[in-house]
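Just below is one structure, and these are the notes that go with it.
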Amino acid sequence: MASAVKSLALVAPAVIGLVRLFTGAGWPVWGLAVACAAAAVLIVGGVAAYDVARLRSTRWRLTGERLELRTGIAVRRARAIPRDRVRSVDLRADPVLRMLGLTVVKVGTGERAADGDELTLDPLTRGDAETLRRTLLRGAAADEQPGRDAPLAELRWSWIRYAPLTVWTFTGAVTVLGVAYQAAERLGLEDLAERAAGPVWEWVAGHPLPAAALLLAANLVAGALGAVLLFAESWGRYRLDREPGRLRLRRGLLTARSLTLEERRLRGVEVSEPLLLRLGGGARVKAIATGLGTAADGGTEDVGALAPPLPRLLAWGLAGAIAGRDGGEAGLVRHPPAARRRRVVRAAVAVAVPAAVAGVVSWSLPWPSAWAWAVPAVAAPVAWWGAVTGARSLGHALAGRHLITRHGAVVRRTVALERAGISGWTITESFFQRRAGLVTVSAATAAGDGHYEVLDVGRGDGLDLAARAVPGLLEPFLTRPAGEPASGGKGRAA
Amino acid sequence: MTGTSMRPPRNRADPRAVAWWTAQWLVLMVPVTAAAGWAYWTLTDRPVWLGVVVAAFGAGCLALAVAAPRASYRVERWEVTDDAVYTRKGWLTHTWQVAPMSRVQRIDTARGPVQRLFGLADVTVTTASSAGAITIAALDHRLAADLAERLTARTQATPGDAT
C-alpha cells in the first residue's frame with residue numbers, strides 16, 4: 001500500500017517521458033492520455049504486486065535467543081541475530097508510512113561491515129515496532145514509562161540560527177542547480193532550460209558587477225533557506241532521552257526517526273566545532289559507539305549525531321551528561337611549543353612554494369604578471385592563522401573514565417574516549433617529529449572512526465599519558481630514566 | 001618533559017628476510033634500471049653526461065635494493081608477551097604498535113609465493129578496531145605457525161570483551 005503510493009513518484013517521470021516520445025510521433029491527445037494512464041496502472045500495479053509478494057515471503061520471529069528473519073521471492077534467505085548481539089535499533093517512518101501507521105525497523109549488531117548488514121524489518125506497525133525495540137534492548141520489565149524523566153536535550157527552535165552556518169550555505173544552491181540541470185537534460189528539457197537561461201545570461205554579460213553581487217546574494221539566500229528547511233525537517237521534534245541503560249534519540253518533522261543505543265556500547269562523545277559554527281558560537285555532539293553504521297546509509301546525515309548544532313555551552317553540558325561529567329573542556333594539557341613551531345614551519349613551506357612559483361613566473365614571463373603574487377599573498381595569512389589556531393587547539397587530558405584529546409584548526413574536535421574501550425596503541429614519530437621531541441599517540445578502538453589521535457604531544461608526556469590511560473599495557477615496553485617513578489599503578493578507574 | 005621512551009621489542013625478523021626483501025626490491029628495481037638503460041641506448045643520441053646520469057640512477061637503485069632491506073632488518077622488531085603483542089617498524093617514521101591480548105580477535109598467517117621460496121611467513125593480529133591490525137613480518141614459517149598457535153591459545157585463555 002505504502003509503496004503503491006510511493007510508486008506514484010515513479011509514474012511522473014514515466015508520463016513525462018511518454019509525452020515527449022509521443023508528441024514527437026504526432027499522436028492525438030486522447031491516445032496520449034490512454035498511453036499515460038496505462039503506464040501508470042502498470043507501474044503502480046507492478047510495484048504493489050511485487051510488494052505483496054515480498055511481504056508474503058517475509059517472516060520474522062523473536063525467540064528466546066534469536067531474532068530470525070526469512071526473506072526473498074526468488075532466492076530464499078534466512079538470517080538470525082543472537083539477541084545479545086543487538087547494539088542498536090533504528091526506527092524510521094517517512095510521511096507515507098506514518099500516515100499508514102507503519103515503521104521500518106533496522107537492527108544493528110556490533111559488526112563493522114558494509115551496507116546492508118543490518119537486519120531490516122520493512123514495515124511493521126508502529127506498536128509492534130515499539131514493542132520489538134523494547135524487548136530487543138532487554139529489560140522490558142525495567143522499562144519505566146519513557147519521557148517521564150526530563151530529557152537530556154530537547155529541541156529549541158532558536159537553535160535554528162546555527163543551521164545556515166555550514167559550507168553548504170555557500171555551495172548548496174549551486175550544487176542543487178547543477179543536479180537539477182542534469183536531471184532536466186535527462187528528461188530532454190535542456191532546450192527549455194537554455195531558452196530560459198539565454199536572456200538571463202545576456203543580461204549577466206551586460207552588467208557583470210551587479211549581476212555577480214546579485215547571484216552571490218541569491219545563492220546565499222537560497223543556501224541558507226535550504227539549510228534551515230533541512231534543519232527543520234531532520235531535527236524537528238528532536239528529543240534525547242536516557243532510558244535505563246541506553247540512550248534514545250527521536251527526531252524528524254516529516255520522516256520520523258528514532259535511534260536507540262545501548263549505553264555499554266557507547267565508547268565516548270565527540271564535540272566538533274567546524275569553523276563557521278565555531279565563529280557563530282555553536283558546536284555539534286556526536287556519539288562514538290560500536291554498532292553504528294557509517295554515514296553511508298543516511299547519505300549526508302551523520303548517524304552518530306546526538307544533537308543538532310547547539311550553543312557551545314549546551315553542547316559541552318550534553319557531552320558531559322553523556323560521558324558522566326568527564327567531557328569537560330577544563331584541564332586540557334597544552335602541547336609543547338615545538339608543536340606550534342612545527343605548524344608554523346609547515347605553513348611557511350606551504351606559502352614558500354607558491355611564492356617561489358610566483359617569483360619564477362614574474363621573472364620569466366614578459367607580460368606584467370603581478371597577479372601571480374596574489375596566491376602567496378592570500379595564502380600567507382590563511383596559513384599563519386591555520387598554524388596558530390591548530391597549535392592552540394591541541395590538547396589532551398586524562399579524566400576519570402575517559403581519555404580526552406583535541407585538535408584541528410578548521411574543524412576543531414574534542415574527543416572523550418572511554419579508556420576501557422581502547423584496544424591498542426600506535427605510536428608514530430616521523431623524522432621531523434623526532435627532531436622536535438614530539439610523537440603522535442593513537443588509540444585504537446572498535447567504535448567510531450576506529451582510532452583517535454593525540455597529535456604532536458611531547459614524547460615523554462604522550463607515552464606517560466598512554467601508559468596511564470590503560471594501566472599495565474604499555475608499561476613493560478617503556479624505558480624510563482633512572483630515579484623516576486613508574487606512574488601506571490593507579491588501577492583502572494571503572 | 002620526561003625522558004620516557006619506548007624500548008625496542010626483543011625479537012628480530014628471520015635473517016632470511018634480508019634475502020627476501022632484497023629479492024623484492026630487485027624485482028622492482030631491475031626492470032626500472034633496465035628500462036632507463038634501454039631508453040638511453042635507443043631513444044637518445046647517447047650524450048656522455050646523460051650516460052653518467054643514467055648510470056648513477058641505476059647504481060642508486062641497486063644500492064637502495066641492497067641497503068633498504070638491511071636497514072629494515074635492523075629496525076623491524078617484534079615481541080609477544082603474555083599480555084600484549086608489540087612491534088616496531090619504520091626507518092624514517094618510527095612506528096610502535098601495542099595490542100593487548102584481551103582485545104585480539106583474529107590471528108592470520110600469510111605466505112606469498114616468493115615468500116614461500118624463502119620459507120617465511122607473516123603473522124597478522126587483528127583487533128576489533130579498524131585501525132589496530134599488527135603485522136609481524138617475515139618470520140620462519142614454522143615459527144610463524146607456532147606463534148599463531150600460541151597466540152590463539154593465549155587469546156582464548158585471556159578473558160576480555162573483544163568489542
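FYI, nothing fancy with the C-alpha cells labels: chains A, B, ... in order, residues from 1 per chain, ligands from 1 as they appear.
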Non-local contacts of range 93-101 of chain B (7 Å; only C-alpha atoms; under 3 positions in same chain excluded) as a list of chain:residue names: A:Ser423, A:Gly424, A:Trp425, A:Thr426, A:Ile427, A:Thr428, A:Glu429, A:Ser430, A:Phe431, A:Leu473, B:Asp83, B:Ala84, B:Val85, B:Tyr86, B:Thr87, B:Arg88, B:Lys89, B:Gly90, B:Val104, B:Ile134, B:Thr155, B:Thr158
Chain A contacts to chain B at 9 Å (only C-alpha atoms) as a PyMOL selection string: chain A and resi 110+112+265+290+336+421-434+443-447+449-451+458-461+463-464+472-474+476-481+484
Polymer residues at most 12 Å from Ala71 in chain B, only C-alpha atoms, same-chain spacing of 2 or more positions, as a PyMOL selection string: chain B and resi 17-18+21-22+64-69+73-77+89-92
Would you please give, as an MDAnalysis selection string, all residues of chain B that DSSP assigns to helix (DSSP H, G or I) based on the backbone? chainID B and resid 16:43 48:75 101:103 113:117 141:157
Quick one: pull the distance between CA of Arg342 in chain A and CA of Pro354 in chain A, Å, one decimal. 19.4 Å
Report as a PyMOL selection string all protein, DNA and RNA residues lying within 8 Å of Val285 in chain A, evaluated on only C-alpha atoms, omitting residues in the same chain fewer than 3 positions from it. chain A and resi 269-272+305-309+315+318-319
Using only C-alpha atoms, which protein or nucleic acid residues come within 12 Å of Gly127 in chain A? Drop anything in the same chain fewer than 6 positions from it, and give the result as an MDAnalysis selection string. chainID A and resid 91 101:105 133:134
Got time to write the residues from that selection, N, CA, C and O atoms, as a tab-separated table (two decimals), in the first residue's frame?
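So selection.tsv came out as:
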```tsv
chain	number	residue	atom	x	y	z
A	91	LEU	N	14.45	3.08	14.25
A	91	LEU	CA	13.10	3.12	13.68
A	91	LEU	C	13.01	4.32	12.74
A	91	LEU	O	13.54	5.38	13.06
A	101	GLY	N	0.58	4.45	9.66
A	101	GLY	CA	0.90	3.88	10.96
A	101	GLY	C	1.93	2.77	10.90
A	101	GLY	O	1.87	1.81	11.66
A	102	LEU	N	2.87	2.90	9.99
A	102	LEU	CA	3.89	1.86	9.83
A	102	LEU	C	5.28	2.42	10.13
A	102	LEU	O	5.49	3.63	10.12
A	103	THR	N	6.22	1.53	10.35
A	103	THR	CA	7.58	1.92	10.66
A	103	THR	C	8.54	0.89	10.11
A	103	THR	O	8.23	-0.30	10.11
A	104	VAL	N	9.69	1.34	9.64
A	104	VAL	CA	10.75	0.43	9.21
A	104	VAL	C	11.72	0.27	10.37
A	104	VAL	O	12.16	1.26	10.95
A	105	VAL	N	12.06	-0.96	10.70
A	105	VAL	CA	12.95	-1.22	11.83
A	105	VAL	C	14.27	-1.76	11.31
A	105	VAL	O	14.29	-2.71	10.53
A	133	ARG	N	11.41	-2.99	19.79
A	133	ARG	CA	12.55	-2.20	20.24
A	133	ARG	C	12.81	-2.43	21.72
A	133	ARG	O	13.93	-2.66	22.15
A	134	ARG	N	11.73	-2.41	22.50
A	134	ARG	CA	11.91	-2.57	23.95
A	134	ARG	C	12.41	-3.94	24.29
A	134	ARG	O	13.32	-4.09	25.07
```
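If only C-alpha atoms are the atoms counted, then among A:Ala93, A:Val52, A:Leu137, A:Ala321 the closest residue to Leu152 in chain A is A:Ala321.
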For Gly64 in chain A: contacts at 12 Å, only C-alpha atoms, fewer than 5 positions along chain excluded, given as a PyMOL selection string: chain A and resi 81-84+135-136+138
Can those selected residues be exported to a file as a short mmCIF file (atom, residue, chain, number, x, y, z; two decimals), in the first residue's frame so that it contains all heavy atoms?
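Everything below was put into result.cif:
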```cif
data_model
loop_
_atom_site.label_atom_id
_atom_site.label_comp_id
_atom_site.auth_asym_id
_atom_site.auth_seq_id
_atom_site.Cartn_x
_atom_site.Cartn_y
_atom_site.Cartn_z
N ILE A 81 19.90 -13.22 14.20
CA ILE A 81 20.81 -12.44 15.02
C ILE A 81 20.60 -12.84 16.47
O ILE A 81 19.48 -12.80 16.96
CB ILE A 81 20.54 -10.92 14.86
CG1 ILE A 81 20.88 -10.46 13.46
CG2 ILE A 81 21.33 -10.13 15.88
CD1 ILE A 81 20.72 -8.97 13.28
N PRO A 82 21.67 -13.27 17.15
CA PRO A 82 21.53 -13.56 18.58
C PRO A 82 21.13 -12.28 19.31
O PRO A 82 21.65 -11.21 19.00
CB PRO A 82 22.94 -14.00 18.99
CG PRO A 82 23.67 -14.28 17.74
CD PRO A 82 23.02 -13.49 16.67
N ARG A 83 20.22 -12.40 20.25
CA ARG A 83 19.67 -11.19 20.85
C ARG A 83 20.71 -10.40 21.63
O ARG A 83 20.61 -9.19 21.74
CB ARG A 83 18.49 -11.53 21.74
CG ARG A 83 17.24 -11.68 20.92
CD ARG A 83 16.10 -12.17 21.73
NE ARG A 83 15.67 -11.21 22.75
CZ ARG A 83 14.59 -11.38 23.49
NH1 ARG A 83 13.86 -12.46 23.32
NH2 ARG A 83 14.26 -10.50 24.39
N ASP A 84 21.71 -11.11 22.18
CA ASP A 84 22.68 -10.35 22.97
C ASP A 84 23.67 -9.61 22.09
O ASP A 84 24.54 -8.91 22.58
CB ASP A 84 23.40 -11.25 23.98
CG ASP A 84 24.15 -12.37 23.30
OD1 ASP A 84 23.86 -12.62 22.11
OD2 ASP A 84 25.01 -12.98 23.94
N THR A 135 11.80 -4.98 23.70
CA THR A 135 12.21 -6.33 24.08
C THR A 135 13.61 -6.63 23.58
O THR A 135 14.38 -7.27 24.27
CB THR A 135 11.25 -7.39 23.52
OG1 THR A 135 10.81 -6.95 22.25
CG2 THR A 135 10.07 -7.59 24.42
N LEU A 136 13.95 -6.14 22.39
CA LEU A 136 15.28 -6.43 21.86
C LEU A 136 16.36 -5.84 22.74
O LEU A 136 17.39 -6.45 22.97
CB LEU A 136 15.43 -5.85 20.45
CG LEU A 136 15.03 -6.78 19.32
CD1 LEU A 136 15.32 -6.10 18.01
CD2 LEU A 136 15.79 -8.08 19.43
N ARG A 138 16.36 -5.52 25.71
CA ARG A 138 16.37 -6.14 27.01
C ARG A 138 15.66 -5.32 28.08
O ARG A 138 15.44 -4.13 27.93
CB ARG A 138 17.83 -6.35 27.42
CG ARG A 138 18.05 -7.20 28.59
CD ARG A 138 19.51 -7.08 28.97
NE ARG A 138 20.40 -6.89 27.82
CZ ARG A 138 21.00 -7.87 27.20
NH1 ARG A 138 20.80 -9.09 27.58
NH2 ARG A 138 21.82 -7.60 26.20
#
```
Write out as a PyMOL selection string all residues of range 4-244 of chain A that backbone DSSP assigns to strand (DSSP E or B). chain A and resi 59-62+66-71+77-82+86-93+102-109+119-125+153-154+239-243
Excluding same-chain residues fewer than 2 positions from range 115-125 of chain B, what lies within 7 Å of it counting only C-alpha atoms, as a PDB file with C-alpha atoms, in the first residue's frame?
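The resulting file, result_33.pdb, is reproduced below:
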```pdb
ATOM      1  CA  ARG B  16      66.426 -14.860   5.584  1.00  0.00           C
ATOM      2  CA  TRP B  20      63.654 -11.996   0.621  1.00  0.00           C
ATOM      3  CA  VAL B 104      42.784  -9.743  19.865  1.00  0.00           C
ATOM      4  CA  ARG B 106      41.825 -12.874  14.828  1.00  0.00           C
ATOM      5  CA  ILE B 107      45.240 -14.260  14.033  1.00  0.00           C
ATOM      6  CA  ASP B 108      46.233 -14.859  10.411  1.00  0.00           C
ATOM      7  CA  THR B 109      49.362 -16.229   8.866  1.00  0.00           C
ATOM      8  CA  ALA B 110      50.069 -15.406   5.243  1.00  0.00           C
ATOM      9  CA  ARG B 111      52.735 -16.667   2.833  1.00  0.00           C
ATOM     10  CA  GLY B 112      53.187 -15.157  -0.595  1.00  0.00           C
ATOM     11  CA  PRO B 113      54.551 -17.202  -3.497  1.00  0.00           C
ATOM     12  CA  THR B 127      41.627  -6.392  16.950  1.00  0.00           C
ATOM     13  CA  ALA B 133      45.913  -4.618  12.986  1.00  0.00           C
ATOM     14  CA  ILE B 134      49.520  -5.539  13.708  1.00  0.00           C
ATOM     15  CA  THR B 135      51.681  -7.461  11.254  1.00  0.00           C
ATOM     16  CA  ILE B 136      54.800  -9.301  12.332  1.00  0.00           C
ATOM     17  CA  ALA B 137      56.652  -9.622   9.055  1.00  0.00           C
ATOM     18  CA  ALA B 138      58.986 -12.288   7.704  1.00  0.00           C
ATOM     19  CA  LEU B 139      59.211 -14.992  10.335  1.00  0.00           C
ATOM     20  CA  ASP B 140      60.421 -18.524   9.748  1.00  0.00           C
ATOM     21  CA  HIS B 141      57.253 -20.283   8.627  1.00  0.00           C
ATOM     22  CA  ALA B 144      55.073 -18.284  12.486  1.00  0.00           C
ATOM     23  CA  ALA B 148      49.944 -18.208  15.663  1.00  0.00           C
TER      24      ALA B 148
END
```
Of the candidates A:Ile322, A:Val89, A:Ala377, A:Ala372, which one gets nearest to Ser258 in chain A if we count only C-alpha atoms?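 For Ser258 in chain A, the nearest of the given residues is A:Val89.
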